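Step one of this worksheet: look at the structure below.
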Amino acid sequence: MRLMLAVAVLCAVAAPVRAQEDQEGKDHPMFSRMPGYYINRYDAQDFATVDLETEPPKKVEGRYWQIEYWVKEDAKKFGPVQIARNHTDPIVKRGGRKIVEDVDTSGGTTVAVLPAGGKNIWVQVQAGNSGDYYTLTVVEEAGMEQKVEFSAMELAKALSTTGSVALHNILFDTGKATIRPESAAALAPVGELLRNDTALKLEIQGHTDNVGQPAANLKLSQDRAASVKTYLVSNFGIAAARLTTAGLGDTKPVADNMSEAGRAQNRRVELVKK
């Protein structure tokens with residue numbers, strides 16, 4: 001880890017001291033910048049995968065920020081240990097924990113994690129050049145919000161090829177079988193497919209993550225599958241006899257339930273060709 005940082009430091013020395021502040025960037029809501037430092041580089045993404053510098057490396061997914069700060073020419077420079085602990089100490093005080101602190105007077109990396117609202121917030125600080133600059137990386141763990149929907153043609157191809165297709169963008173109210181309005185875009189191609197292929201019969205399967213009691217998850221998955229059937233019958237005029245339902249609760253995970261990203265993958269509706 002220290003060798004990787006040393007290479008980064010050598011590269012960073014060439015950075016211009018008088019670089020203009022990134023006008024598109026701003027501090028992360030959780031952290032104010034160290035006094036006398038400016039934003040040299042800013043990147044924020046709604047969803048990203050990040051390998052944190054732990055041993056072994058920790059891969060996390062979710063909402064992502066990476067902000068690189070440089071000390072202003074005439075400002076006081078802070079040491080790497082002080083920079084690192086200014087970011088990790090507040091996390092520890094709020095119930096989080098420090099995972100890595102590999103920092104000395106020349107630079108280094110520190111990583112901490114804060115449980116918040118049922119998810120983890122990961123914070124990594126990498127300081128270099130004895131505090132001339134530091135990079136703050138923050139990841140709020142979350143599953144990816146699906147933006148691209150299957151078309152009816154793509155659904156037909158998937159069902160023909162594999163016999164089933166998983167839909168992660170049919171959303172329900174938490175702990176309920178009520179279909180949320182934003183699910184309409186995901187359900188429209190299913191209705192179109194069933195209208196176009198009048199011989200097609202489907203089993204609608206509901207799946208949950210493992211949060212809660214297994215019996216409650218089983219009932220919830222059954223109710224959600226039934227809600228999808230009712231939606232298709234009511235909104236697209238599909239004959240009820242062409243659709244059967246099944247709820248499998250948390251018995252058929254497709255990802256690790258230990259992370260929010262994995263649980264999001266396990267919460268799904270599957271269409272199975274009959």
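Lettering and numbering for the structure tokens are positional, with chains as A, B, ... in the shown order, residues counted from 1 in each chain, and ligands counted from 1 in the shown order.
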Considering only strand (DSSP E or B) as DSSP defines it on the backbone, what residues of stretch 51-197 of chain A qualify? List them as a ChimeraX atom specification. /A:51-52,58-71,97-103,108-116,119-128,133-141,164-167,172,179
So that I can check the surroundings of A:Arg180, please list as a list in words every protein, DNA and RNA residue that reaches within 9 Å of it, counting only C-alpha atoms and ignoring chain neighbours fewer than 6 positions away.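 What passes the distance filter is Ile170, Leu171, Phe172 and Asp173 of chain A.
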Written selection (N, CA and C atoms) as a compact mmCIF listing (two decimals), in the first residue's frame:
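File produced: result-v5.txt:
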```txt
# COMPACT_ATOMS: atom_id res chain seq x y z
N ILE A 170 -39.06 -3.48 -10.82
CA ILE A 170 -40.46 -3.45 -10.37
C ILE A 170 -40.39 -3.22 -8.87
N LEU A 171 -40.79 -2.03 -8.45
CA LEU A 171 -40.57 -1.59 -7.08
C LEU A 171 -41.87 -1.60 -6.28
N PHE A 172 -41.73 -1.88 -4.99
CA PHE A 172 -42.88 -1.97 -4.09
C PHE A 172 -42.63 -1.08 -2.88
N ASP A 173 -43.71 -0.67 -2.22
CA ASP A 173 -43.56 0.02 -0.94
C ASP A 173 -42.86 -0.92 0.04
```
From A:Asp223, A:Glu154, A:Asp74, A:Asp209, residue lying nearest A:Leu193 [only C-alpha atoms]: A:Glu154
Quick one: everything within 12 Å of stretch 111-114 of chain A, counting only C-alpha atoms, minus sequence neighbours fewer than 3 positions away in the same chain. Send it as a PyMOL selection string. chain A and resi 30+51-55+57-58+60+84-103+108+117-127+135-141
For the structure I just gave you, how does DSSP split stretch 91-182 of chain A - specifically, which residues are alpha helix (DSSP H)? Reply as a ChimeraX atom specification. /A:91-93,152-162
How about saving the chosen residues, C-alpha atoms kept, as a PDB file, in the first residue's frame?
```
ATOM      1  CA  ILE A  91     -16.746   8.936  12.244  1.00  0.00           C
ATOM      2  CA  VAL A  92     -15.519   6.965  15.275  1.00  0.00           C
ATOM      3  CA  LYS A  93     -17.269   9.395  17.643  1.00  0.00           C
ATOM      4  CA  ALA A 152     -40.699  -6.404 -25.192  1.00  0.00           C
ATOM      5  CA  MET A 153     -38.371  -7.788 -27.871  1.00  0.00           C
ATOM      6  CA  GLU A 154     -35.515  -8.203 -25.376  1.00  0.00           C
ATOM      7  CA  LEU A 155     -37.832  -9.937 -22.908  1.00  0.00           C
ATOM      8  CA  ALA A 156     -38.978 -12.334 -25.624  1.00  0.00           C
ATOM      9  CA  LYS A 157     -35.375 -13.123 -26.568  1.00  0.00           C
ATOM     10  CA  ALA A 158     -34.345 -13.731 -22.955  1.00  0.00           C
ATOM     11  CA  LEU A 159     -37.317 -16.006 -22.286  1.00  0.00           C
ATOM     12  CA  SER A 160     -36.645 -17.939 -25.487  1.00  0.00           C
ATOM     13  CA  THR A 161     -32.938 -18.327 -24.693  1.00  0.00           C
ATOM     14  CA  THR A 162     -32.904 -19.008 -20.943  1.00  0.00           C
TER      15      THR A 162
END
```
